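Notes follow the structure.
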Amino acid sequence: MHVLVTGGGGYIGLELCRLLLERGDRVRVVDRFFFGDGPLRALAEASAGRLSFRAGDVREIDEAWLDDIEGVSHLAGLSNDPTAEYNPGANWQMNAIATEHLAQACRRRGIARFVFGSSASVYDGIGPGMFDELTPVAPRGAYSISKKYAEDALLQLAGDGFAPTILRQGTVYGWSPRMRFDLVVNTFVKDAVTVGKLYLHGGGWQWRPLVDVSDVARAHVVALNAPLDAAGGEIFNVMQENYQVRQLAMLVAGSLSLHGRPVTLEEAPLPKLVRDYRMSNLKLTERLGFTPAVTVLESIDTMLQRLPLDDVGWLANPRWYNIAWMSVLEEMHAAQRPFASIY
Ligand SMILES: NC(=O)c1ccc[n+]([C@@H]2O[C@H](COP(=O)([O-])OP(=O)(O)OC[C@H]3O[C@@H](n4cnc5c(N)ncnc54)[C@H](O)[C@@H]3O)[C@@H](O)[C@H]2O)c1
C-alpha cells in the first residue's frame with residue numbers, strides 16, 4: 001500500500017513510517033517538521049526510495065500530496081494541551097478544520113482508508129470511571145474539543161466509499177527516534193535519570209489509559225489494512241492497560257534501581273487539571289483482532305537501554321518537550337518577524 005502519513009516526523013509518526021517500510025509499504029510524509037527532519041531523513045536514506053517526504057502545513061492542503069495514495073494516517077497537528085492552549089486559534093485550524101478538509105479531499109479522490117490519531121483526552125471532564133467508545137463525551141480543553149470536532153466531522157463524511165477509522169490513543173510511552181519527555185512515563189524516566197526523584201501529585205492515585213508507541217503504530221497499520229466494513233466509520237480506544245500514576249512511578253523507580261540508580265518518590269499537591277479515568281480496549285480486540293501488548297515495564301527497559309543515561313545535557317534539550325520547544329521556536333520567530341507567530 002502507498003500510505004500518506006501526516007505528522008510522520010513526529011514521535012508516533014516516525015515509528016509508524018518505520019513499521020510501514022518494514023512491511024514493504026511505500027510511504028509519503030507531509031509535516032511542518034517543528035521538531036526537525038533528522039530521524040526521517042535517516043529512515044528515507046535506508047528505504048531504497050520507498051519513503052519520500054516534504055515540508056507542508058495541513059492547513060494548506062496540496063491535492064498532489066494524495067496522488068497515487070491508497071491510505072492515510074493522519075497524525076499532524078498540535079499534540080497536547082499546553083501547545084493547544086498556547087494558541088487555541090491555530091490549534092483549531094490544525095486539529096479540527098484541517099482534519100475535516102483533508103478527509104473531504106480524500107473522499108473526493110476516492111481514498112477510502114483514513115486513520116485518524118485522535119485522543120483519549122476526549123473523555124476528559126466526565127470524571128473518574130471506565131469508558132468505552134459508546135460513552136457520551138463532553139471534552140473541555142482546546143485540544144480535546146478540537147479532536148472531538150474532527151472525530152464528528154469524519155463520522156459525518158463516512159459513506160459513499162469513504163471509510164474513516166478513529167483511534168482514540170491513550171497516553172503514549174516508549175522509545176522513538178524523535179523522543180517526547182512530556183508524557184507521563186517518559187517524564188518519570190527522564191526525572192529518575194536526571195534528578196533521582198519522582199513527584200506523586202495528590203499521591204498519584206489517578207488512573208490513566210496508556211499504550212506503547214510501537215503498539216500505536218501497529219494499531220494504525222491494523223486499521224489501514226482491516227476490512228472496510230469492520231473499521232470504516234468506527235471509533236476504537238487504543239491502550240495496553242490502565243495504570244495508576246503511583247504504579248508508574250514505582251515501575252520506573254524499580255527499573256532504575258536495577259541499574260544501580262536509587263530513586264525516591266515524594267508526594268506533591270494536585271495540579272488544577274487532573275485526568276483520572278480508565279478506558280476499555282475490548283472493541284479493538286474483538287473487531288480488529290489487535291490488542292496492544294508492550295507493557296510499561298518492557299518499554300522502560302527499552303528506553304533505559306537506548307537513552308544516553310550519563311548525558312543529562314541531552315535529556316535537558318527543550319526539543320523533547322513540545323511546549324518548551326514551541327516556545328523557543330516562537331521566540332526565535334518573533335525576533336526575526338515581530339508580531340508574527342510560529343503556529
Ligand atoms: N503522544 C501521545 O501521547 C498522544 C496521545 C493521543 C493522541 N495523540 C495524537 O497523535 C498525533 C501524533 O502525536 P505525537 O505524539 O507523535 O506528536 P508530535 O508532536 O511528536 O508529532 C506531531 C507532528 O505533526 C507535525 N505538525 C504539527 N502541526 C502541523 C501542521 N499544521 N502541518 C503539518 N505538520 C504538523 C509536527 O511537526 C510533528 O512532527 C497527534 O495528532 C496527537 O494529538 C498523541
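Ligands are numbered from 1 in the order shown, residues from 1 within each chain, and chains are lettered A, B, ... in the order they appear in the C-alpha cells.
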Nearby residues (only C-alpha atoms) at most 9 Å from region 301-313 of chain A, same-chain spacing under 3 positions excluded, as JSON, numbers by chain: {"A": [174, 175, 186, 189, 190, 193, 194, 255, 256, 259, 296, 297, 298, 316, 317]}
Go ahead and dump the residues you just picked, N, CA and C atoms, as a tab-separated table (two decimals), in the first residue's frame.
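Ended up saving to again_15.tsv:
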chain	number	residue	atom	x	y	z
A	174	GLY	N	7.31	5.22	25.62
A	174	GLY	CA	8.27	4.40	24.88
A	174	GLY	C	9.22	5.16	23.99
A	175	TRP	N	10.08	4.40	23.40
A	175	TRP	CA	11.19	4.94	22.62
A	175	TRP	C	10.79	5.21	21.17
A	186	ASN	N	7.49	8.64	30.18
A	186	ASN	CA	8.77	9.15	29.68
A	186	ASN	C	9.32	10.25	30.60
A	189	VAL	N	10.82	8.59	33.58
A	189	VAL	CA	12.14	8.02	33.24
A	189	VAL	C	13.19	9.13	33.22
A	190	LYS	N	12.85	10.22	32.58
A	190	LYS	CA	13.80	11.35	32.49
A	190	LYS	C	14.12	11.89	33.88
A	193	VAL	N	16.32	9.55	35.88
A	193	VAL	CA	17.71	9.55	35.40
A	193	VAL	C	18.41	10.85	35.80
A	194	THR	N	17.70	11.98	35.68
A	194	THR	CA	18.39	13.26	35.86
A	194	THR	C	18.44	13.70	37.33
A	255	SER	N	12.83	-0.12	38.10
A	255	SER	CA	13.69	-0.41	36.93
A	255	SER	C	15.03	0.30	37.06
A	256	LEU	N	14.99	1.54	37.55
A	256	LEU	CA	16.25	2.30	37.71
A	256	LEU	C	17.13	1.67	38.78
A	259	HIS	N	19.50	-0.70	37.70
A	259	HIS	CA	20.69	-0.10	37.06
A	259	HIS	C	21.58	0.57	38.11
A	296	VAL	N	4.36	-1.27	30.17
A	296	VAL	CA	5.18	-0.14	30.63
A	296	VAL	C	6.55	-0.64	31.08
A	297	LEU	N	6.57	-1.76	31.79
A	297	LEU	CA	7.84	-2.28	32.31
A	297	LEU	C	8.81	-2.61	31.16
A	298	GLU	N	8.28	-3.27	30.13
A	298	GLU	CA	9.13	-3.61	28.98
A	298	GLU	C	9.63	-2.35	28.28
A	316	ALA	N	18.07	17.35	28.72
A	316	ALA	CA	17.54	18.68	29.04
A	316	ALA	C	17.17	19.47	27.79
A	317	ASN	N	17.50	18.95	26.60
A	317	ASN	CA	17.23	19.68	25.36
A	317	ASN	C	15.73	19.99	25.23
Neighbourhood of ligand 1 at 8 Å, counting only C-alpha atoms and all ligand atoms, reported as a PyMOL selection string: chain A and resi 6-14+30-36+55-59+74-80+94-95+98+116-121+143+147+168-173+178-180+183+213+322+343
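Comparing the minimum interatomic distances between Gly141 (chain A) and each of A:Lys283, A:His333, A:Arg107, A:Arg275, counting only C-alpha atoms, we find that A:Arg275 sits nearest.
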All residues 12 Å or closer to Gly71 (chain A), only C-alpha atoms, same chain fewer than 2 positions away omitted, as a ChimeraX atom specification: /A:1-6,20,25-28,65-69,73-74,103,106-107,109-116,162-165,220-226,228
Since we have the selection now, will you write its residues out, keeping C-alpha atoms, as a compact mmCIF listing (two decimals), in the first residue's frame?
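Okay, again.txt is ready:
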# COMPACT_ATOMS: atom_id res chain seq x y z
CA MET A 1 0.00 0.00 0.00
CA HIS A 2 1.14 3.58 -0.62
CA VAL A 3 0.39 5.48 2.60
CA LEU A 4 0.38 9.21 3.31
CA VAL A 5 1.50 9.82 6.91
CA THR A 6 0.85 13.38 8.03
CA LEU A 20 5.16 0.52 7.18
CA ASP A 25 4.65 -0.47 2.03
CA ARG A 26 5.52 2.83 0.39
CA VAL A 27 5.27 5.98 2.50
CA ARG A 28 4.87 9.68 1.77
CA TRP A 65 0.00 15.02 -1.67
CA LEU A 66 -2.77 12.50 -2.43
CA ASP A 67 -1.59 11.44 -5.92
CA ASP A 68 -1.26 7.67 -6.02
CA ILE A 69 -2.13 7.35 -2.28
CA SER A 73 -2.71 8.02 8.62
CA HIS A 74 -3.35 11.50 9.90
CA ALA A 103 -10.85 13.96 4.84
CA CYS A 106 -9.63 12.02 0.36
CA ARG A 107 -13.34 11.39 -0.13
CA ARG A 109 -10.31 11.37 -4.60
CA GLY A 110 -11.87 8.00 -3.68
CA ILE A 111 -9.30 7.25 -0.96
CA ALA A 112 -11.35 5.09 1.38
CA ARG A 113 -8.85 4.43 4.16
CA PHE A 114 -8.28 7.34 6.52
CA VAL A 115 -6.98 6.62 10.02
CA PHE A 116 -7.11 9.50 12.48
CA PHE A 162 -15.08 6.80 2.39
CA ALA A 163 -14.33 4.69 5.48
CA PRO A 164 -12.50 6.68 8.18
CA THR A 165 -11.26 5.00 11.35
CA HIS A 220 -2.61 2.33 12.57
CA VAL A 221 -1.29 -0.47 10.36
CA VAL A 222 -4.09 -2.81 11.51
CA ALA A 223 -6.73 -0.14 10.82
CA LEU A 224 -5.24 0.69 7.40
CA ASN A 225 -5.47 -2.98 6.40
CA ALA A 226 -8.70 -4.05 8.11
CA LEU A 228 -13.62 -1.70 5.39
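Atom to atom, CA of Val252 (chain A) and CA of Asp191 (chain A) stand 9.8 Å apart.
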Minimum-distance residue to Glu100 (chain A), chosen among A:Ile300, A:Ala150, A:Ile145, A:Ala64 (using only C-alpha atoms): A:Ala150
One-decimal distance in Å that lies between CA of Gly125 (chain A) and CA of Lys272 (chain A):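 Answer for the CA of Lys272 (chain A) to CA of Gly125 (chain A) separation: 12.4 Å.
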Test item, strand (DSSP E or B) assignment across region 109-333 of chain A, answer as an MDAnalysis selection string: chainID A and resid 113:119 130:131 159 162:169 171:173 197:201 207:212 234:238 241:244 264:268 278:279
Kindly export the residues of the current selection with N, CA and C atoms, as a short mmCIF file (atom, residue, chain, number, x, y, z; two decimals), in the first residue's frame.
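Wrote again35.cif, looks like this:
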data_model
loop_
_atom_site.label_atom_id
_atom_site.label_comp_id
_atom_site.auth_asym_id
_atom_site.auth_seq_id
_atom_site.Cartn_x
_atom_site.Cartn_y
_atom_site.Cartn_z
N ARG A 113 -9.47 4.70 2.84
CA ARG A 113 -8.85 4.43 4.16
C ARG A 113 -8.21 5.68 4.73
N PHE A 114 -8.75 6.12 5.86
CA PHE A 114 -8.28 7.34 6.52
C PHE A 114 -8.27 7.06 8.02
N VAL A 115 -7.08 6.95 8.60
CA VAL A 115 -6.98 6.62 10.02
C VAL A 115 -6.56 7.88 10.77
N PHE A 116 -7.34 8.23 11.77
CA PHE A 116 -7.11 9.50 12.48
C PHE A 116 -6.57 9.24 13.88
N GLY A 117 -5.46 9.90 14.21
CA GLY A 117 -4.88 9.81 15.55
C GLY A 117 -5.60 10.72 16.51
N SER A 118 -6.74 10.26 17.00
CA SER A 118 -7.46 11.05 18.00
C SER A 118 -6.90 10.73 19.39
N SER A 119 -7.61 11.17 20.40
CA SER A 119 -7.01 11.10 21.73
C SER A 119 -8.04 10.68 22.78
N MET A 130 -14.89 4.07 33.98
CA MET A 130 -14.37 3.17 32.94
C MET A 130 -15.16 3.47 31.67
N PHE A 131 -14.46 3.92 30.61
CA PHE A 131 -15.17 4.42 29.44
C PHE A 131 -14.90 3.55 28.20
N GLY A 159 -19.07 7.07 4.38
CA GLY A 159 -20.08 6.61 3.43
C GLY A 159 -19.64 6.90 2.01
N PHE A 162 -16.07 6.22 1.45
CA PHE A 162 -15.08 6.80 2.39
C PHE A 162 -15.28 6.13 3.75
N ALA A 163 -14.20 5.54 4.29
CA ALA A 163 -14.33 4.69 5.48
C ALA A 163 -13.31 5.07 6.56
N PRO A 164 -13.50 6.24 7.19
CA PRO A 164 -12.50 6.68 8.18
C PRO A 164 -12.54 5.84 9.45
N THR A 165 -11.37 5.70 10.07
CA THR A 165 -11.26 5.00 11.35
C THR A 165 -10.64 5.95 12.36
N ILE A 166 -11.30 6.05 13.52
CA ILE A 166 -10.82 6.97 14.56
C ILE A 166 -10.16 6.16 15.66
N LEU A 167 -8.91 6.46 15.94
CA LEU A 167 -8.20 5.76 17.02
C LEU A 167 -8.05 6.74 18.19
N ARG A 168 -8.74 6.43 19.29
CA ARG A 168 -8.58 7.25 20.49
C ARG A 168 -7.38 6.70 21.27
N GLN A 169 -6.24 7.29 21.00
CA GLN A 169 -4.98 6.80 21.56
C GLN A 169 -4.85 7.24 23.01
N THR A 171 -2.49 7.78 26.51
CA THR A 171 -1.19 8.47 26.63
C THR A 171 -0.09 7.50 26.25
N VAL A 172 0.80 7.97 25.38
CA VAL A 172 1.80 7.08 24.79
C VAL A 172 3.08 7.09 25.61
N TYR A 173 3.76 5.96 25.64
CA TYR A 173 5.08 5.86 26.27
C TYR A 173 6.02 5.13 25.32
N LYS A 197 14.43 11.70 41.52
CA LYS A 197 13.27 11.94 42.38
C LYS A 197 12.01 12.05 41.53
N LEU A 198 10.91 11.37 41.97
CA LEU A 198 9.65 11.45 41.23
C LEU A 198 8.58 12.01 42.15
N TYR A 199 7.80 12.96 41.64
CA TYR A 199 6.74 13.58 42.45
C TYR A 199 5.40 12.92 42.15
N LEU A 200 4.69 12.55 43.21
CA LEU A 200 3.36 11.95 43.07
C LEU A 200 2.33 13.00 43.45
N HIS A 201 1.75 13.62 42.44
CA HIS A 201 0.79 14.70 42.71
C HIS A 201 -0.51 14.09 43.24
N TRP A 207 -6.01 7.29 37.67
CA TRP A 207 -5.92 6.26 36.63
C TRP A 207 -5.70 6.91 35.27
N ARG A 208 -4.86 6.27 34.44
CA ARG A 208 -4.64 6.74 33.06
C ARG A 208 -4.55 5.52 32.12
N PRO A 209 -5.20 5.59 30.94
CA PRO A 209 -5.01 4.54 29.93
C PRO A 209 -3.72 4.82 29.14
N LEU A 210 -2.87 3.82 29.03
CA LEU A 210 -1.54 4.04 28.43
C LEU A 210 -1.24 3.01 27.35
N VAL A 211 -0.35 3.40 26.45
CA VAL A 211 0.00 2.48 25.35
C VAL A 211 1.40 2.82 24.82
N ASP A 212 2.12 1.78 24.43
CA ASP A 212 3.47 1.97 23.89
C ASP A 212 3.39 2.51 22.45
N GLU A 234 -15.78 3.85 12.27
CA GLU A 234 -15.75 3.34 13.65
C GLU A 234 -14.70 4.06 14.50
N ILE A 235 -14.98 4.08 15.81
CA ILE A 235 -14.04 4.63 16.80
C ILE A 235 -13.48 3.45 17.60
N PHE A 236 -12.18 3.47 17.85
CA PHE A 236 -11.56 2.43 18.68
C PHE A 236 -10.66 3.06 19.74
N ASN A 237 -10.86 2.68 20.99
CA ASN A 237 -9.89 3.04 22.03
C ASN A 237 -8.62 2.22 21.82
N VAL A 238 -7.47 2.88 21.97
CA VAL A 238 -6.19 2.18 21.79
C VAL A 238 -5.37 2.33 23.06
N GLU A 241 -3.09 -0.87 28.78
CA GLU A 241 -3.61 -1.14 30.13
C GLU A 241 -3.90 0.19 30.82
N ASN A 242 -4.77 0.13 31.81
CA ASN A 242 -4.97 1.31 32.67
C ASN A 242 -4.01 1.19 33.85
N TYR A 243 -3.33 2.26 34.15
CA TYR A 243 -2.36 2.27 35.26
C TYR A 243 -2.66 3.44 36.18
N GLN A 244 -2.36 3.30 37.46
CA GLN A 244 -2.37 4.46 38.34
C GLN A 244 -0.99 5.11 38.27
N THR A 264 13.89 8.27 44.64
CA THR A 264 12.93 8.47 45.73
C THR A 264 11.60 9.00 45.17
N LEU A 265 10.53 8.66 45.88
CA LEU A 265 9.20 9.14 45.49
C LEU A 265 8.73 10.13 46.55
N GLU A 266 8.14 11.22 46.10
CA GLU A 266 7.73 12.26 47.05
C GLU A 266 6.33 12.75 46.70
N GLU A 267 5.50 12.93 47.74
CA GLU A 267 4.14 13.43 47.49
C GLU A 267 4.19 14.93 47.17
N ALA A 268 3.26 15.37 46.32
CA ALA A 268 3.18 16.80 45.94
C ALA A 268 1.71 17.16 45.77
N ARG A 278 -10.34 5.43 33.40
CA ARG A 278 -9.86 4.23 32.72
C ARG A 278 -10.65 4.05 31.42
N MET A 279 -10.11 3.34 30.48
CA MET A 279 -10.92 3.02 29.30
C MET A 279 -10.73 1.56 28.90
#
For Asp62 (chain A), the nearest of the candidates A:Arg140, A:Arg218, A:Arg50, A:His101, counting only C-alpha atoms: A:His101
Contacts of Pro292 (chain A) within 7 Å, only C-alpha atoms, excl. fewer than 5 positions in-chain, as a list of chain:residue names: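 Those residues are A:Asp215, A:Met239, A:Gln240.
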Expected file contents, prior selection, C-alpha atoms, as a PDB file, in the first residue's frame:
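As a result, result.pdb now contains:
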ATOM      1  CA  ASP A 215       1.613  -0.511  19.603  1.00  0.00           C
ATOM      2  CA  MET A 239      -4.413   1.283  25.022  1.00  0.00           C
ATOM      3  CA  GLN A 240      -2.410  -1.536  26.543  1.00  0.00           C
TER       4      GLN A 240
END
